[in-house]
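See below for final.cif, which holds mmCIF, C-alpha atoms.
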```cif
data_model
#
loop_
_atom_site.label_atom_id
_atom_site.label_comp_id
_atom_site.auth_asym_id
_atom_site.auth_seq_id
_atom_site.Cartn_x
_atom_site.Cartn_y
_atom_site.Cartn_z
CA MET A 361 -25.62 49.86 -113.93
CA ASN A 362 -29.04 49.01 -112.63
CA ALA A 363 -30.73 50.32 -109.53
CA ASN A 364 -29.35 47.58 -107.38
CA ASP A 365 -25.84 48.39 -108.52
CA TYR A 366 -26.32 52.05 -107.58
CA LEU A 367 -27.76 51.05 -104.23
CA SER A 368 -24.96 48.67 -103.54
CA LEU A 369 -22.36 51.22 -104.58
CA TYR A 370 -23.97 53.89 -102.46
CA GLN A 371 -24.03 51.66 -99.41
CA ASN A 372 -20.43 50.76 -99.94
CA LEU A 373 -19.41 54.38 -100.28
CA THR A 374 -21.35 55.58 -97.26
CA ALA A 375 -19.86 52.72 -95.27
CA ASN A 376 -16.42 54.10 -96.18
CA GLY A 377 -17.12 57.72 -95.47
CA TYR A 378 -19.10 59.11 -98.38
CA THR A 379 -21.40 61.82 -97.07
CA GLY A 380 -23.45 62.68 -100.13
CA THR A 381 -26.97 61.57 -100.87
CA MET A 382 -27.99 58.76 -103.24
CA GLU A 383 -29.32 61.33 -105.72
CA GLU A 384 -26.10 63.36 -105.66
CA LEU A 385 -24.18 60.18 -106.36
CA MET A 386 -26.43 59.28 -109.30
CA GLU A 387 -26.28 62.82 -110.75
CA GLN A 388 -22.54 62.85 -110.54
CA MET A 389 -22.30 59.48 -112.22
CA GLN A 390 -24.81 60.36 -114.97
CA ALA A 391 -23.02 63.63 -115.68
CA ASP A 392 -19.86 61.85 -116.26
CA GLN A 393 -20.54 59.54 -119.18
CA ASP A 394 -16.97 58.35 -119.40
CA PRO A 395 -16.84 55.03 -117.65
CA ARG A 396 -13.16 55.54 -116.85
CA ALA A 397 -14.00 58.90 -115.29
CA VAL A 398 -16.58 57.16 -113.24
CA GLU A 399 -14.11 54.56 -112.18
CA GLN A 400 -11.61 57.32 -111.44
CA ASN A 401 -14.13 59.23 -109.36
CA ILE A 402 -15.23 56.08 -107.58
CA GLY A 403 -11.65 55.10 -107.09
CA MET A 404 -10.83 58.55 -105.82
CA VAL A 405 -13.73 58.48 -103.44
CA THR A 406 -12.83 54.96 -102.30
CA ALA A 407 -9.16 55.93 -101.72
CA TYR A 408 -10.13 59.08 -99.84
CA ALA A 409 -12.58 57.11 -97.72
CA TYR A 410 -9.89 54.54 -96.94
CA ALA A 411 -7.43 57.30 -96.10
CA VAL A 412 -9.93 58.91 -93.76
CA SER A 413 -10.60 55.55 -92.12
CA LYS A 414 -6.85 55.37 -91.37
CA GLY A 415 -6.75 58.82 -89.84
CA TYR A 416 -6.32 61.29 -92.76
CA THR A 417 -7.94 64.58 -91.72
CA GLY A 418 -7.77 66.62 -94.92
CA THR A 419 -10.68 67.42 -97.21
CA GLU A 420 -11.45 65.37 -100.27
CA ASP A 421 -10.10 68.18 -102.51
CA GLU A 422 -6.89 68.32 -100.53
CA PHE A 423 -6.63 64.55 -100.84
CA ALA A 424 -7.17 64.79 -104.62
CA GLU A 425 -4.48 67.49 -104.90
CA LEU A 426 -2.16 65.39 -102.84
CA MET A 427 -2.72 62.41 -105.15
CA ALA A 428 -2.20 64.61 -108.24
CA ASN A 429 1.15 65.83 -106.95
CA PHE A 430 2.21 62.44 -105.71
CA GLY A 431 4.30 61.57 -108.73
CA THR A 432 6.18 64.86 -108.67
CA THR A 433 6.71 64.66 -104.97
CA ALA A 434 7.94 61.08 -105.17
CA GLN A 435 10.38 62.05 -107.88
CA GLU A 436 11.59 65.00 -105.82
CA ILE A 437 11.97 62.72 -102.84
CA GLU A 438 13.95 60.27 -104.90
CA ILE A 439 16.24 63.06 -106.08
CA ALA A 440 16.55 64.36 -102.59
CA VAL A 441 17.42 60.93 -101.29
CA GLU A 442 20.02 60.43 -103.99
CA THR A 443 21.47 63.83 -103.27
CA PHE A 444 21.47 63.08 -99.56
CA VAL A 445 23.12 59.68 -100.02
CA ASN A 446 25.64 60.59 -102.65
CA ILE A 447 26.58 64.09 -101.64
CA THR A 448 25.31 65.16 -98.29
CA VAL A 449 26.20 62.02 -96.40
CA PRO A 450 29.77 61.69 -97.75
CA ALA A 451 30.31 65.35 -97.13
CA ALA A 452 28.93 64.99 -93.65
CA VAL A 453 31.02 61.92 -93.06
CA GLN A 454 34.10 63.77 -94.26
CA GLN A 455 33.20 66.69 -92.05
CA VAL A 456 32.65 64.43 -89.10
CA THR A 457 35.88 62.59 -89.78
CA THR A 458 37.83 65.80 -90.08
CA THR A 459 36.19 67.25 -87.02
CA GLY A 460 36.63 63.99 -85.11
CA GLU A 461 40.29 63.78 -85.92
CA ALA A 462 40.75 67.33 -84.84
CA GLN A 463 38.83 66.65 -81.67
CA VAL A 464 40.89 63.54 -81.01
CA ARG A 465 44.05 65.55 -81.44
CA ASN A 466 42.66 68.22 -79.17
CA VAL A 467 41.58 65.64 -76.61
CA ASN A 468 44.95 63.95 -76.75
CA ALA A 469 46.72 67.23 -76.37
CA ALA A 470 44.44 68.24 -73.53
CA GLY A 471 44.79 64.82 -71.95
CA ALA A 472 48.56 64.99 -72.14
CA GLU A 473 48.48 68.42 -70.61
CA GLN A 474 46.17 67.21 -67.88
CA LEU A 475 48.42 64.22 -67.24
CA ARG A 476 51.41 66.51 -66.89
CA GLY A 477 49.39 68.68 -64.56
CA ILE A 478 48.19 65.70 -62.54
CA ALA A 479 51.70 64.27 -62.36
CA ALA A 480 53.08 67.57 -61.19
CA GLU A 481 50.26 67.98 -58.71
CA GLY A 482 50.72 64.39 -57.53
CA THR A 483 54.42 64.94 -57.02
CA GLN A 484 53.72 68.06 -55.03
CA GLN A 485 51.02 66.33 -52.99
CA ARG A 486 53.29 63.38 -52.34
CA GLN A 487 55.99 65.74 -51.20
CA ASN A 488 53.47 67.51 -49.01
CA VAL A 489 52.26 64.23 -47.53
CA THR A 490 55.82 63.06 -46.95
CA THR A 491 56.73 66.30 -45.26
CA ALA A 492 53.57 66.27 -43.16
CA GLY A 493 54.14 62.61 -42.26
CA GLU A 494 57.72 63.27 -41.21
CA GLN A 495 56.55 66.17 -39.11
CA GLN A 496 53.89 63.98 -37.49
CA VAL A 497 56.38 61.19 -36.83
CA THR A 498 58.74 63.68 -35.25
CA ALA A 499 55.90 65.09 -33.17
CA ILE A 500 54.78 61.60 -32.11
CA ASN A 501 58.33 60.59 -31.23
CA ASN A 502 58.77 63.73 -29.19
CA LYS A 503 55.43 63.18 -27.50
CA GLY A 504 56.26 59.50 -26.91
CA THR A 505 59.58 60.46 -25.36
CA GLU A 506 57.80 62.90 -23.09
CA GLN A 507 55.26 60.27 -22.11
CA ILE A 508 57.94 57.65 -21.49
CA ASP A 509 59.84 60.10 -19.33
CA ALA A 510 56.63 60.94 -17.48
CA VAL A 511 55.80 57.26 -16.96
CA GLN A 512 59.33 56.50 -15.82
CA ALA A 513 59.27 59.45 -13.46
CA LYS A 514 55.90 58.32 -12.10
CA GLY A 515 57.19 54.75 -11.83
CA ASP A 516 60.27 55.91 -9.98
CA GLN A 517 58.07 57.96 -7.70
CA VAL A 518 55.77 55.00 -7.02
CA ILE A 519 58.66 52.58 -6.55
CA ALA A 520 60.38 55.04 -4.22
CA SER A 521 57.22 55.22 -2.16
CA ILE A 522 56.78 51.45 -1.90
CA PRO A 523 59.76 50.22 0.14
CA ALA A 524 59.08 52.32 3.22
CA ASP A 525 55.39 51.45 3.23
CA TYR A 526 56.06 47.84 2.39
CA THR A 527 58.74 47.53 5.06
CA GLU A 528 56.45 49.00 7.66
CA LEU A 529 53.65 46.73 6.56
CA ALA A 530 55.92 43.69 6.48
CA GLU A 531 57.12 44.43 9.99
CA GLU A 532 53.55 44.76 11.20
CA VAL A 533 52.57 41.53 9.51
CA SER A 534 55.61 39.77 10.97
CA ASP A 535 54.75 41.02 14.46
CA VAL A 536 51.17 39.91 14.10
CA LYS A 537 52.21 36.56 12.68
CA SER A 538 54.72 36.01 15.47
CA ALA A 539 52.12 36.94 18.07
CA ILE A 540 49.59 34.60 16.50
CA ASN A 541 52.12 31.79 16.38
CA LYS A 542 52.97 32.29 20.02
CA LEU A 543 49.30 32.37 20.97
CA THR A 544 48.23 29.41 18.93
CA ALA A 545 51.53 27.51 19.18
CA GLN A 546 51.49 26.00 15.72
CA TYR A 547 54.11 23.46 16.53
CA GLU A 548 55.63 21.25 13.91
CA LEU A 549 58.24 18.56 14.10
CA ILE A 550 61.64 20.15 13.51
CA SER A 551 63.86 17.13 13.99
CA GLU A 552 63.76 13.73 15.61
CA ILE A 553 66.95 11.79 16.30
CA THR A 554 67.68 8.44 17.88
CA THR A 555 71.09 7.90 19.40
CA THR A 556 73.14 5.01 18.06
CA GLU A 557 75.51 5.05 21.04
CA ALA A 558 75.35 6.03 24.68
CA VAL A 559 75.81 9.79 24.97
CA ASN A 560 75.66 12.43 27.64
CA ARG A 561 74.70 15.27 25.44
CA ILE A 562 72.33 15.78 22.50
CA ASP A 563 72.49 18.86 20.23
CA ILE A 564 70.10 19.84 17.44
CA ASN A 565 70.79 22.88 15.24
CA ARG A 566 69.45 21.62 11.90
CA ASP A 567 65.98 20.56 10.94
CA SER A 568 65.17 17.25 9.33
CA THR A 569 66.11 18.64 5.90
CA GLY A 570 69.52 19.87 7.10
CA ASN A 571 68.61 23.57 7.22
CA MET A 572 69.10 25.98 10.08
CA PHE A 573 65.96 27.13 11.89
CA ASN A 574 64.56 30.01 13.91
CA LEU A 575 61.82 29.08 16.35
CA SER A 576 59.62 31.29 18.48
CA ALA A 577 58.62 28.40 20.76
CA VAL A 578 59.87 24.90 21.30
CA TYR A 579 59.13 21.76 23.15
CA ALA A 580 60.93 18.47 23.22
CA VAL A 581 59.95 14.90 23.88
CA LEU A 582 62.56 12.53 25.31
CA SER A 583 62.18 8.80 25.39
CA VAL A 584 64.82 6.38 26.70
CA PRO A 585 64.67 2.65 26.05
CA SER A 586 65.95 1.48 29.46
CA GLU A 587 66.76 2.60 32.96
CA THR A 588 69.75 4.95 33.06
CA GLY A 589 70.07 5.89 36.69
CA GLU A 590 69.19 9.02 38.49
CA GLY A 591 70.66 12.34 37.58
CA ASN A 592 70.16 15.92 36.63
CA LEU A 593 68.99 17.04 33.25
CA GLN A 594 69.63 20.42 31.70
CA PHE A 595 68.04 21.90 28.61
CA TRP A 596 69.53 24.85 26.78
CA ILE A 597 68.20 27.03 24.04
CA ASN A 598 70.80 28.99 22.11
CA THR A 599 69.26 31.99 20.43
CA ALA A 600 69.97 33.78 17.20
CA SER A 601 71.13 36.80 19.20
CA GLY A 602 73.81 34.74 20.94
CA ASN A 603 72.08 34.27 24.29
CA ARG A 604 71.49 30.99 26.04
CA LEU A 605 68.13 30.35 27.55
CA SER A 606 68.81 27.71 30.16
CA ALA A 607 66.05 25.50 31.30
CA ALA A 608 68.17 24.78 34.31
CA TYR A 609 68.37 21.54 36.09
CA ILE A 610 65.72 19.01 36.13
CA PRO A 611 66.74 17.15 39.25
CA GLY A 612 65.67 13.79 40.46
CA VAL A 613 64.58 12.42 37.16
CA ASN A 614 63.01 9.13 37.83
CA VAL A 615 64.74 7.02 35.27
CA THR A 616 62.79 4.01 36.34
CA ASN A 617 59.82 5.57 34.65
CA THR A 618 60.96 5.03 31.09
CA GLY A 619 57.52 4.86 29.62
CA GLY A 620 56.85 8.53 29.10
CA TRP A 621 59.21 11.17 30.26
CA PHE A 622 58.36 14.62 29.13
CA SER A 623 55.64 13.25 26.95
CA SER A 624 53.08 15.89 27.80
CA LYS A 625 52.91 18.81 25.43
CA SER A 626 50.53 20.85 27.49
CA MET A 627 52.84 22.31 30.12
CA ASN A 628 54.66 25.52 29.39
CA TRP A 629 57.93 25.42 31.29
CA SER A 630 58.27 29.16 31.47
CA CYS A 631 55.11 29.30 33.53
CA PHE A 632 57.00 27.56 36.32
CA GLY A 633 59.90 29.96 36.40
CA GLY A 634 62.30 27.47 34.90
CA LEU A 635 63.31 29.70 32.02
CA TYR A 636 66.14 32.12 32.68
CA LYS A 637 67.99 34.32 30.34
CA GLY A 638 71.68 34.07 30.81
CA SER A 639 74.53 31.63 30.92
CA GLY A 640 74.13 30.43 34.47
CA SER A 641 72.22 27.34 35.32
CA GLN A 642 69.35 27.46 37.74
CA TYR A 643 68.27 24.72 39.92
CA VAL A 644 64.63 23.79 39.59
CA THR A 645 63.13 21.78 42.36
CA TYR A 646 60.78 19.69 40.32
CA THR A 647 60.93 16.04 40.85
CA SER A 648 58.72 15.30 37.91
CA VAL A 649 58.82 17.41 34.81
CA PRO A 650 56.38 16.25 32.17
CA SER A 651 57.50 18.48 29.33
CA PHE A 652 60.22 20.58 27.78
CA ASN A 653 57.76 23.09 26.48
CA MET A 654 59.31 26.56 26.37
CA ALA A 655 58.14 29.84 24.94
CA ILE A 656 60.80 32.17 23.63
CA ARG A 657 60.27 35.89 23.90
CA ASN A 658 62.05 38.62 21.91
CA SER A 659 64.42 36.11 20.43
CA SER A 660 64.47 32.97 18.37
CA CYS A 661 65.82 29.51 18.90
CA LYS A 662 68.55 28.34 16.56
CA GLU A 663 69.88 25.43 18.65
CA VAL A 664 68.86 23.21 21.53
CA THR A 665 71.09 21.18 23.83
CA LEU A 666 70.11 18.47 26.24
CA ILE A 667 72.67 17.54 28.88
CA ASN A 668 72.29 14.67 31.26
CA SER A 669 74.53 13.90 34.22
CA VAL A 670 73.92 10.26 33.51
CA THR A 671 74.29 8.64 30.17
CA PHE A 672 71.51 8.41 27.65
CA PRO A 673 71.55 4.85 26.38
CA ALA A 674 71.71 3.99 22.70
CA GLY A 675 68.25 4.10 21.22
CA THR A 676 67.25 7.24 23.09
CA THR A 677 64.89 9.30 20.98
CA PHE A 678 64.83 13.08 21.21
CA SER A 679 62.10 14.88 19.26
CA LEU A 680 62.18 18.63 18.83
CA TYR A 681 58.99 20.50 17.95
CA GLY A 682 58.82 24.21 17.34
CA VAL A 683 56.97 27.20 15.94
CA LYS A 684 58.84 28.66 13.02
CA GLU A 685 59.36 32.40 12.83
CA MET B 879 82.30 10.96 26.75
CA LYS B 880 80.30 11.32 23.61
CA LYS B 881 77.60 13.58 22.32
CA CYS B 882 75.03 13.33 19.56
CA VAL B 883 74.77 16.34 17.23
CA ASN B 884 71.93 16.17 14.73
CA GLY B 885 72.11 12.38 15.00
CA GLU B 886 75.88 12.15 14.51
CA ILE B 887 78.14 10.88 17.34
CA TYR B 888 81.17 13.00 18.37
CA ASN B 889 83.62 13.03 21.22
CA MET B 890 83.02 15.80 23.70
CA THR B 891 85.51 18.60 24.12
CA PRO B 892 87.26 18.85 27.53
CA GLU B 893 85.10 21.83 28.40
CA GLU B 894 81.95 19.90 27.57
CA GLU B 895 83.17 16.98 29.71
CA LYS B 896 83.77 19.36 32.61
CA GLN B 897 80.19 20.51 32.23
CA ILE B 898 78.98 16.93 32.57
CA SER B 899 81.29 16.38 35.53
CA ARG B 900 79.82 19.40 37.25
CA GLU B 901 76.40 17.93 36.60
CA LYS B 902 77.49 14.69 38.19
CA ILE B 903 79.05 16.41 41.19
CA GLU B 904 75.94 18.42 41.74
CA THR B 905 73.89 15.28 41.43
CA ILE B 906 76.08 13.60 44.05
CA ASP B 907 75.80 16.65 46.23
CA ASP B 908 72.07 16.47 45.88
CA LYS B 909 72.06 12.84 46.84
CA ILE B 910 74.29 13.50 49.84
CA ALA B 911 71.98 16.27 50.92
CA GLU B 912 69.03 13.98 50.56
CA LEU B 913 70.79 11.22 52.58
CA GLN B 914 71.81 13.69 55.24
CA ALA B 915 68.23 14.81 55.49
CA VAL B 916 67.13 11.19 55.87
CA VAL B 917 69.76 10.51 58.52
CA LEU B 918 68.90 13.63 60.43
CA GLU B 919 65.26 12.74 60.19
CA ASN B 920 65.95 9.23 61.48
CA ILE B 921 68.23 10.45 64.27
CA GLY B 922 65.77 13.00 65.26
CA GLY B 923 62.97 10.43 65.12
#
```
Could you render the structure as structure tokens?
Amino acid sequence: MNANDYLSLYQNLTANGYTGTMEELMEQMQADQDPRAVEQNIGMVTAYAYAVSKGYTGTEDEFAELMANFGTTAQEIEIAVETFVNITVPAAVQQVTTTGEAQVRNVNAAGAEQLRGIAAEGTQQRQNVTTAGEQQVTAINNKGTEQIDAVQAKGDQVIASIPADYTELAEEVSDVKSAINKLTAQYELISEITTTEAVNRIDINRDSTGNMFNLSAVYAVLSVPSETGEGNLQFWINTASGNRLSAAYIPGVNVTNTGGWFSSKSMNWSCFGGLYKGSGSQYVTYTSVPSFNMAIRNSSCKEVTLINSVTFPAGTTFSLYGVKE
Amino acid sequence: MKKCVNGEIYNMTPEEEKQISREKIETIDDKIAELQAVVLENIGG
């Protein structure tokens, strides 16, 4: 080796961790004349430096000892591995298998026992729930029966209280309604008939639909088609209570005036004293009566009768208006 | 004599005819009274 070789080697070694001086390196190499020893030393130093560069923290001597024992250690490792694979592992596997089978049996036995316990507990709980449910149903039914009885009793009480109040109220409403009707005279056409033959009497006790009626006030309009002569006219109201309200005579009817007898609706007959309660007729000294308008008090009209001492000719029209109760 | 009930024509009962007759008599009486009054008024005049 020349000087450049030593320098190059030294630089290489220091770059890989060698800490000695150039002189120490040269002395060591000169002292060792065996080139193989040199190569071994260099190789040793190079391997140690490489190991240190990868994180080895031991000393160079420790590294050398480690390398010297490497073969023995590797052989021991190989034996250990073979022992582990061929003996330890099968034994462990056998042990695990045996233990596992025992554990499985234990688990199965414990599981079966737990299942029996759960089943028994479930049966008991179901019985408890059933019993509790039946008790609750019984309690609810009893409570429901009590509530139904209470509601029925309250309903009976309310219903029992209604008729008297309602009857009183209905009577008051009826009185008010009757009074209003009499005051406002909400007349409506009850029936209108036209005679097909000559008659002396006209009766109406059904409305235009054929039903009976009860009227709190009435008026009538009579129209004759031709002159009938001079006579007396009487107008009756038969009431629901069996009385006859006679409008008495209407004397001196001027039958020559056929254009509008009794056509006015504005005159209330009772205001002229022509309305009498009773069966007897009363003579009224009117010579011209424009209406049949009559108010009925404390009774109701179920029938009207018009009587004429002379004959109503065929084609006479008699219209009855009234205020319904 | 006949009567009209709800638009239908019927014969009057004897009692109903008597009622009409009374009406007629009273009408005649009224007319007589009126004539008497006229006569008396004329005589007196």
Students should find that atom CA of A:Ser413 and atom CA of A:Ala375 are spaced 10.2 Å
Reference answer for the PyMOL selection byres ((chain B) within 6 of (chain A)), as JSON, numbers by chain
{"B": [880, 881, 882, 883, 884, 885, 898, 901, 902, 905]}
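Taking atom CA of A:Ala409 and atom CA of A:Glu438 as the two end points, the separation is 27.7 Å.
Atom pair atom CA of A:Ser521 / atom CA of A:Glu685 has a distance of 27.4 Å (rounded to one decimal).
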